[in-house]
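**Q** Structure in structure tokens, see below.
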Amino acid sequence: MPSSLVVVEPGRPVRLVCPADVAVTCVAGIAWITTAGDTRDVVLAQGDRHLAARRARLFINGMPGCVLRVERQRPAPGMVRCATRSAR
């Protein structure tokens, strides 16, 4: 199943809007993830993975930067890419 790499540069947080259930895996660095409507934050180090539900709005900071792999989770048929944009 294809995946997308998301690079989070130091001081440039990324907003990730997921139209499907996705897994976010930290490939390099450390990621601090806040999900809209959830008071719990998640910190991922290299190799750690976070599952995000459909329609989740994630706000991701690198500490200081990170690279993430974003993959749609099964059993959802087909592929949907998550839209990313700068969170400025």
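Ordering of the structure tokens sets the chain letters (A, B, ...), residue numbers begin anew at 1 in every chain, and ligands are numbered from 1 in the order given.
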Can you tell me, as a ChimeraX atom specification, what residues are no more than 8 Å from segment 26-39 of chain A when counting only C-alpha atoms, ignoring any on the same chain fewer than 6 positions away?
**A** /A:45-49,56-69
**Q** Those selected residues, please, written with N, CA, C and O atoms and delivered as a CSV table (one decimal), in the first residue's frame.
**A**
```csv
chain,number,residue,atom,x,y,z
A,45,ALA,N,8.8,8.9,18.7
A,45,ALA,CA,10.2,8.9,18.4
A,45,ALA,C,10.4,7.9,17.2
A,45,ALA,O,9.4,7.3,16.8
A,46,GLN,N,11.6,7.8,16.6
A,46,GLN,CA,11.8,7.0,15.5
A,46,GLN,C,11.2,5.6,15.7
A,46,GLN,O,11.5,5.0,16.7
A,47,GLY,N,10.4,5.1,14.8
A,47,GLY,CA,9.8,3.8,14.8
A,47,GLY,C,8.5,3.7,15.5
A,47,GLY,O,7.7,2.8,15.4
A,48,ASP,N,8.1,4.8,16.3
A,48,ASP,CA,6.8,4.8,16.9
A,48,ASP,C,5.7,5.1,15.9
A,48,ASP,O,5.9,5.8,14.9
A,49,ARG,N,4.5,4.6,16.3
A,49,ARG,CA,3.3,4.8,15.4
A,49,ARG,C,2.1,5.3,16.1
A,49,ARG,O,1.9,4.9,17.3
A,56,ALA,N,-9.8,13.0,11.5
A,56,ALA,CA,-8.9,13.6,12.5
A,56,ALA,C,-8.2,14.8,11.9
A,56,ALA,O,-7.8,14.8,10.8
A,57,ARG,N,-8.1,15.8,12.8
A,57,ARG,CA,-7.3,17.0,12.4
A,57,ARG,C,-6.1,17.1,13.3
A,57,ARG,O,-6.2,17.3,14.5
A,58,LEU,N,-4.9,16.7,12.8
A,58,LEU,CA,-3.7,16.7,13.6
A,58,LEU,C,-2.9,17.9,13.4
A,58,LEU,O,-2.8,18.5,12.3
A,59,PHE,N,-2.3,18.4,14.5
A,59,PHE,CA,-1.3,19.5,14.5
A,59,PHE,C,0.0,18.9,14.9
A,59,PHE,O,0.1,18.4,16.0
A,60,ILE,N,1.0,18.9,14.0
A,60,ILE,CA,2.3,18.2,14.3
A,60,ILE,C,3.5,19.2,14.4
A,60,ILE,O,3.7,20.0,13.4
A,61,ASN,N,4.2,19.1,15.5
A,61,ASN,CA,5.4,19.9,15.6
A,61,ASN,C,6.6,18.9,15.6
A,61,ASN,O,6.5,17.8,16.2
A,62,GLY,N,7.7,19.3,15.0
A,62,GLY,CA,8.9,18.5,15.1
A,62,GLY,C,9.7,19.0,16.3
A,62,GLY,O,9.7,20.2,16.6
A,63,MET,N,10.5,18.1,16.9
A,63,MET,CA,11.2,18.5,18.1
A,63,MET,C,12.7,18.1,17.9
A,63,MET,O,13.1,17.1,18.4
A,64,PRO,N,13.5,18.8,17.1
A,64,PRO,CA,13.2,20.1,16.5
A,64,PRO,C,12.5,19.9,15.1
A,64,PRO,O,11.8,20.7,14.6
A,65,GLY,N,12.8,18.7,14.5
A,65,GLY,CA,12.1,18.4,13.2
A,65,GLY,C,11.9,16.9,13.1
A,65,GLY,O,12.4,16.2,14.0
A,66,CYS,N,11.2,16.5,12.1
A,66,CYS,CA,10.9,15.0,12.0
A,66,CYS,C,10.5,14.7,10.6
A,66,CYS,O,10.1,15.6,9.8
A,67,VAL,N,10.5,13.4,10.3
A,67,VAL,CA,10.0,12.9,9.0
A,67,VAL,C,9.0,11.8,9.4
A,67,VAL,O,9.3,10.9,10.2
A,68,LEU,N,7.8,11.9,8.8
A,68,LEU,CA,6.7,10.9,9.1
A,68,LEU,C,6.2,10.2,7.9
A,68,LEU,O,6.2,10.8,6.8
A,69,ARG,N,5.8,8.9,8.1
A,69,ARG,CA,5.2,8.2,7.0
A,69,ARG,C,3.7,8.1,7.3
A,69,ARG,O,3.3,7.7,8.5
```
**Q** Identify, on the basis of only C-alpha atoms, every residue whose closest approach to Asp21 of chain A does not exceed 6 Å; exclude the query and any residue fewer than 3 positions from it along the same chain; express the result as a ChimeraX atom specification.
**A** /A:52-54,72-73
**Q** What does the structure give for the distance between atom CA of Leu44 of chain A and atom CA of Ser4 of chain A, in Å to one decimal?
**A** 17.1 Å
**Q** Please return, as a ChimeraX atom specification, all residues of chain A that DSSP assigns to strand (DSSP E or B) on the basis of the backbone.
**A** /A:4-8,14-17,22-35,41-44,49-52,57-72,83-86
